[in-house]
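**Student:** Okay, here's the structure, questions in a sec.
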Number of protein chains: 2
Amino acid sequence: MKFCSECAHPVELMVPAGDNRPRYVCVKCETIHYQNPKMVIGSIPVWERDGELKVLLCRRAIEPRYGFWTLPAGFMENNETTSAAAIRETEEEAGANIELGNLFTLLNVAQVHQVHMFYLATLRDLNFAPGEESLEVQLFTEAEIPWDELAFPTVHNTLEFFFADRARMRAGGSYGFHTQDINRPMRSPTGT
Amino acid sequence: MKFCSECAHPVELMVPAGDNRPRYVCVKCETIHYQNPKMVIGSIPVWERDGELKVLLCRRAIEPRYGFWTLPAGFMENNETTSAAAIRETEEEAGANIELGNLFTLLNVAQVHQVHMFYLATLRDLNFAPGEESLEVQLFTEAEIPWDELAFPTVHNTLEFFFADRARMRAGGSYGFHTQDINRPMRSPTGT
């Protein structure tokens, strides 16, 4: 940020009176330009038939992490709810119609000023297709998940939580809600 | 937003190529200025002794809702996690030291582009005091909660979820995690 978006005067980085953090401040019109974290919302779209469960992943057609696999997710927009964002992103990136379940994970990625959230979801049908931001979309069993080619730690860890809960559910119980702080926004190519 | 914060040229509201929503776009330097919802994070600070439970509320010294009671909460900052934001806001607004528990509620207030989250919390001591944004801070039993003088529906509903879970916990069980969409950002003076 270099100029005031209200009056076009150059902004200065300073701690406003009564505040304790540096902000971009316009010394002409006195607007304080706060900057806050953003929410990235997605879903875990599941297709289950004859005792076999598969999860829908998208291969990214955009940077960052072009060519890597992700759960459908994207930035939440103004005037929508977190659940509406999950449904919209799943439709936009995977062309998929889902029945949305509960919020399943909330993961902080403080270094990039983001909070990622993923909802449980059930595919209504198999009429999915890649959107503009996806190279391909594909169903994976747990054994087929491309763990070393996942785009982000939040996707990796959400899938880990998901399959761990599924394993526990075989002995009764239900899905939990999981929160976690991630200290590294990107995965290395080897997934470590 | 009237001017580009990168080059000071006037912005125009238009749907960028490949997008489906109007954005503020700079036609000179081509920056797209996305606007996204913000997170408001707080806590439910509890003091429990001899079987009596009290919750710490703050009376607001700022607009909106000057003079009304709220749980300590505020806008999440860049470079912090949701739990760090809850601890910081509780310290800033109520001067209170808390042991943070689990995330308890996540409430969408889409009309004002906000997502509110409240964490369970236990007061470490009774050394609390109003911060700059609070007129006073006070402990309330369930019977004493000023339901008609609460600042926001998200605070009202979080307290309702909290006492409902407490009632259920007398018959065993534990706190849940609650999500809700709020269609009205402010409460009327009569609380309806």
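Just so we're on the same page: first chain in the structure tokens is A, next is B, and so on; residues restart at 1 for each chain, and ligands are numbered from 1 in the order they show up.
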What's the 7 Å shell around region 93-102 of chain B, counting only C-alpha atoms, without same-chain residues fewer than 4 positions away, as a PyMOL selection string?
**Tutor:** chain B and resi 45+58+72+87+89+119-125+127-134+137
**Student:** Residues of chain A within 6 Å of chain B, counting only C-alpha atoms - could you list those as a PyMOL selection string?
**Tutor:** chain A and resi 1-6+8+36-37+77-81+108+110-111+113
**Student:** Could you dump the residues just selected with C-alpha atoms as a compact mmCIF listing (two decimals), in the first residue's frame?
**Tutor:**
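Below you can see part-v8.txt, which holds the result:
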# COMPACT_ATOMS: atom_id res chain seq x y z
CA MET A 1 0.00 0.00 0.00
CA LYS A 2 1.49 3.31 -1.17
CA PHE A 3 -1.45 5.71 -1.54
CA CYS A 4 -4.67 6.44 0.37
CA SER A 5 -7.60 4.71 -1.35
CA GLU A 6 -9.92 7.51 -0.18
CA ALA A 8 -4.88 9.41 -3.22
CA ASN A 36 -6.55 -8.19 8.41
CA PRO A 37 -6.27 -11.94 7.76
CA GLU A 77 -16.24 -13.24 -0.40
CA ASN A 78 -18.10 -10.35 1.22
CA ASN A 79 -21.86 -10.95 1.70
CA GLU A 80 -21.56 -14.71 1.98
CA THR A 81 -21.32 -17.15 4.88
CA ASN A 108 -4.30 -20.96 11.11
CA ALA A 110 -0.45 -16.85 10.38
CA GLN A 111 2.63 -16.21 8.19
CA HIS A 113 -2.39 -13.94 7.12
**Student:** For CA of Ala143 (chain A) and CA of Leu71 (chain A), determine how far apart the two atoms are, in Å to one decimal place.
**Tutor:** 16.3 Å
**Student:** Can you tell me which residues surround Leu135 (chain B) at a distance of at most 6 Å, considering only C-alpha atoms, apart from same-chain residues fewer than 2 positions away, and format the answer as a list in words?
**Tutor:**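 Neighbouring residues, sequence-local ones excluded: Arg59, Arg60 and Ala61 of chain B.
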**Student:** Write out, as a compact mmCIF listing (two decimals), in the first residue's frame, the residues just selected, with N, CA, C and O atoms.
**Tutor:**
# COMPACT_ATOMS: atom_id res chain seq x y z
N ARG B 59 -18.37 -3.58 29.38
CA ARG B 59 -19.33 -2.58 28.89
C ARG B 59 -18.58 -1.66 27.94
O ARG B 59 -17.57 -1.07 28.30
N ARG B 60 -19.11 -1.56 26.71
CA ARG B 60 -18.38 -0.91 25.62
C ARG B 60 -18.23 0.60 25.82
O ARG B 60 -19.21 1.29 26.09
N ALA B 61 -16.99 1.08 25.63
CA ALA B 61 -16.71 2.52 25.70
C ALA B 61 -16.59 3.12 24.30
O ALA B 61 -16.17 4.26 24.15
**Student:** Please measure the separation of CA of Ile44 (chain B) and CA of Phe118 (chain B), giving the value in Å to one decimal.
**Tutor:** 6.7 Å
**Student:** Would you give me, as a PyMOL selection string, the residues in region 4-192 of chain A that DSSP reads as alpha helix (DSSP H)?
**Tutor:** chain A and resi 82-94+153-169
